[in-house]
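Input: a single structure, listed below in structure tokens.
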Amino acid sequence: MFDRIINAQGERLDCTFHPGAAGADEIVVIGHGVTGHKDRPFLVALAEGLAAAGVPALRVSWSGNGGSEGQFADATITKEVADLGAVLDALRGYAVTFAGHSMGGAVGVLRASEDQRIRRLISLAGMVHVRAFAERHFGQLTPGRDLMWGKPGCVLSAAYWEDLRRIGTVVDLAPLISVPWLFVHGSNDSIVPVHDTREALARARGPKKFVELAGCDHVWEPDGTRRMVEEVVRWCLAVKAGKWRGWSA
């Protein structure tokens with residue numbers, strides 16, 4: 001089932017499934033950030049940690065990224081939100097938690113604000129002010145020519161830029177999300193400031209928890225991957241056991 005997830009454009013999404021306990025009816029879908037893919041080491045570690053605790057996980061590369069079909073030039077937040085919808089279509093019968101890293105965090109907020117099939121939400125160094133992020137990191141680049149962070153094949157596209165400008169920020173959608181929501185952010189993140197998470201946290205109205213990992217950057221270095229995985233697994237098991245009631249940050 002998980003090797004034939006097709007988006008609205010007919011593009012196959014590259015996915016890796018990590019089975020948890022036999023007969024489990026819940027799953028954590030893991031989405032990456034801009035210029036990323038499902039095989040980043042900290043995302044693999046997260047999926048393996050969840051599966052070891054009995055919680056199935058599914059790592060996904062958005063279309064145009066990693067091994068998924070499609071063109072990177074067409075990859076936008078809006079298209080990734082639709083890709084996530086295709087994943088949810090394929091997961092009928094599962095209670096879905098979505099865990100999004102960086103720009104994947106914004107994808108999660110946008111989808112969860114309108115789609116009740118996301119039963120729980122996890123933002124890992126989640127982006128909130130997407131236009132400000134793009135202006136800060138890519139404002140000096142020429143669309144159609146320059147590489148994002150110098151990565152081969154990752155040319156800044158006009159479509160990506162215009163999509164971020166249109167969205168602006170997802171912070172105003174936080175009050176629309178009432179499901180349990182975990183925020184994890186490194187204190188030394190220079191890519192997405194921890195202040196973004198604090199703003200979304202303040203606006204979220206459902207059961208919520210915030211974990212700030214001291215000394216960690218955007219990809220959980222120098223030694224934060226293990227700590228991030230432990231926090232996510234602990235939270236998922238607590239929610240499963242119904243121990244999240246009364247949480248607040």
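Letters A, B, ... go to the chains of the structure tokens in the order shown; residues in each chain start at 1; ligands are counted from 1 in the same order.
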> Where in stretch 11-192 of chain A does DSSP assign strand (DSSP E or B), given as an MDAnalysis selection string?
Replying inline: chainID A and resid 12:13 15:18 26:31 57:60 95:101 118:124 147 155 181:186
>> Need to verify the contact set: A:Val60, 9 Å, only C-alpha atoms, exclusion of same-chain residues closer than 2 positions in sequence. Can you return it as number ranges by chain?
In response: A: 13-17, 29-32, 37-39, 58, 62, 68, 84, 87
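When only C-alpha atoms are used to measure the gap to A:Asp223, the shortest distance among A:Arg166, A:Val211, A:Phe98, A:Phe42 belongs to A:Phe42.
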Please build the interface table for stretch 144-219 of chain A against stretch 118-137 of chain A with a cut-off of 7 Å, listing for each qualifying residue the nearest atom pair and the distance in Å to one decimal; count only C-alpha atoms, order rows by chain and increasing number, and write it as a tab-separated table.
residue	atom	partner	partner_atom	distance
A:Leu164	CA	A:Arg131	CA	5.1
A:Arg165	CA	A:Arg131	CA	5.2
A:Gly168	CA	A:Arg131	CA	4.7
A:Thr169	CA	A:His129	CA	4.2
A:Val170	CA	A:Val128	CA	5.4
A:Val171	CA	A:Val128	CA	5.8
A:Val179	CA	A:Arg120	CA	5.4
A:Pro180	CA	A:Arg120	CA	5.2
A:Trp181	CA	A:Leu121	CA	4.7
A:Leu182	CA	A:Ile122	CA	4.7
A:Phe183	CA	A:Ser123	CA	4.9
A:Val184	CA	A:Leu124	CA	5.0
A:His185	CA	A:Ala125	CA	4.6
A:Gly186	CA	A:Ala125	CA	6.9
A:Val192	CA	A:Met127	CA	6.1
A:Asp196	CA	A:Val128	CA	5.6
A:Thr197	CA	A:Gly126	CA	6.6
A:His218	CA	A:Ala125	CA	6.4
Please write the residues from the selection above to a file, keeping N, CA and C atoms, as a tab-separated table (two decimals), in the first residue's frame.
chain	number	residue	atom	x	y	z
A	164	LEU	N	5.10	31.27	-0.98
A	164	LEU	CA	5.43	31.72	0.38
A	164	LEU	C	4.90	33.13	0.62
A	165	ARG	N	5.01	33.98	-0.36
A	165	ARG	CA	4.51	35.35	-0.21
A	165	ARG	C	2.99	35.34	0.00
A	168	GLY	N	2.32	33.83	3.62
A	168	GLY	CA	2.77	34.79	4.62
A	168	GLY	C	3.14	34.16	5.94
A	169	THR	N	2.14	33.72	6.69
A	169	THR	CA	2.36	33.10	7.99
A	169	THR	C	1.24	32.11	8.26
A	170	VAL	N	1.52	31.11	9.09
A	170	VAL	CA	0.48	30.16	9.47
A	170	VAL	C	0.08	30.35	10.93
A	171	VAL	N	0.60	31.36	11.59
A	171	VAL	CA	0.34	31.52	13.02
A	171	VAL	C	-1.15	31.76	13.29
A	179	VAL	N	-6.48	19.56	18.28
A	179	VAL	CA	-5.95	18.23	18.61
A	179	VAL	C	-4.69	18.38	19.47
A	180	PRO	N	-4.29	17.32	20.18
A	180	PRO	CA	-3.03	17.38	20.93
A	180	PRO	C	-1.87	17.76	20.02
A	181	TRP	N	-1.04	18.67	20.52
A	181	TRP	CA	0.01	19.26	19.68
A	181	TRP	C	1.30	19.35	20.48
A	182	LEU	N	2.35	18.72	19.95
A	182	LEU	CA	3.68	18.77	20.56
A	182	LEU	C	4.59	19.68	19.74
A	183	PHE	N	5.29	20.57	20.43
A	183	PHE	CA	6.29	21.44	19.82
A	183	PHE	C	7.66	21.07	20.38
A	184	VAL	N	8.63	20.82	19.49
A	184	VAL	CA	10.00	20.58	19.92
A	184	VAL	C	10.90	21.51	19.11
A	185	HIS	N	11.78	22.22	19.81
A	185	HIS	CA	12.64	23.19	19.12
A	185	HIS	C	13.98	23.28	19.85
A	186	GLY	N	15.05	23.44	19.09
A	186	GLY	CA	16.36	23.63	19.68
A	186	GLY	C	16.61	25.08	20.04
A	192	VAL	N	15.22	28.51	11.85
A	192	VAL	CA	13.87	28.89	12.28
A	192	VAL	C	13.97	29.26	13.76
A	196	ASP	N	9.36	31.52	16.78
A	196	ASP	CA	8.25	31.08	15.93
A	196	ASP	C	7.39	30.06	16.66
A	197	THR	N	8.05	29.08	17.26
A	197	THR	CA	7.31	28.06	18.00
A	197	THR	C	6.55	28.67	19.17
A	218	HIS	N	19.02	23.51	14.28
A	218	HIS	CA	17.83	23.20	13.49
A	218	HIS	C	17.71	21.72	13.16
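From atom CA of A:Ser113 back to atom CA of A:Ile6, the distance works out to 22.6 Å.
Minimum atom-to-atom distances from A:Ile27, A:Ala158, A:Ala99, A:Val229 to A:Thr142 were compared using only C-alpha atoms, and the lowest value belongs to A:Ala158.
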>> If you run DSSP on the backbone here, which positions in stretch 95-217 of chain A get helix (DSSP H, G or I)? Please write them as a PyMOL selection string.
In response: chain A and resi 103-112+130-138+148-150+158-167+171-176+194-203
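One finds atom CA of A:Pro41 at 9.4 Å from atom CA of A:Val219.
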Give me, as a tab-separated table (two decimals) with N, CA and C atoms, in the first residue's frame, all polymer residues having an atom no more than 9 Å from A:Ala86, counting only C-alpha atoms and skipping those fewer than 4 positions away in the same chain.
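Just written: around-v1.tsv:
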chain	number	residue	atom	x	y	z
A	5	ILE	N	1.56	5.46	-3.28
A	5	ILE	CA	0.83	6.68	-2.94
A	5	ILE	C	1.06	7.68	-4.06
A	6	ILE	N	-0.02	8.11	-4.70
A	6	ILE	CA	0.04	8.98	-5.87
A	6	ILE	C	-0.65	10.30	-5.54
A	7	ASN	N	-0.01	11.41	-5.88
A	7	ASN	CA	-0.61	12.71	-5.60
A	7	ASN	C	-1.57	13.13	-6.72
A	8	ALA	N	-2.13	14.32	-6.61
A	8	ALA	CA	-3.14	14.78	-7.57
A	8	ALA	C	-2.58	14.94	-8.97
A	81	VAL	N	1.03	20.40	0.96
A	81	VAL	CA	-0.20	20.20	1.73
A	81	VAL	C	-1.11	19.23	1.00
A	82	ALA	N	-1.19	19.39	-0.33
A	82	ALA	CA	-2.00	18.46	-1.13
A	82	ALA	C	-1.38	17.07	-1.14
A	90	ALA	N	-4.49	7.42	1.64
A	90	ALA	CA	-3.96	6.06	1.62
A	90	ALA	C	-3.95	5.41	3.00
A	91	LEU	N	-4.23	6.19	4.02
A	91	LEU	CA	-4.13	5.69	5.40
A	91	LEU	C	-5.49	5.53	6.07
>> With distances taken over only C-alpha atoms, which residue among A:Ala22, A:Lys243, A:Ser190, A:Trp161 lies nearest A:Ala53?
In response: A:Ala22
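Proximity of A:Ala51, A:Asp172, A:Glu230, A:Glu69 to A:Gly10, computed with only C-alpha atoms, is greatest for A:Glu69.
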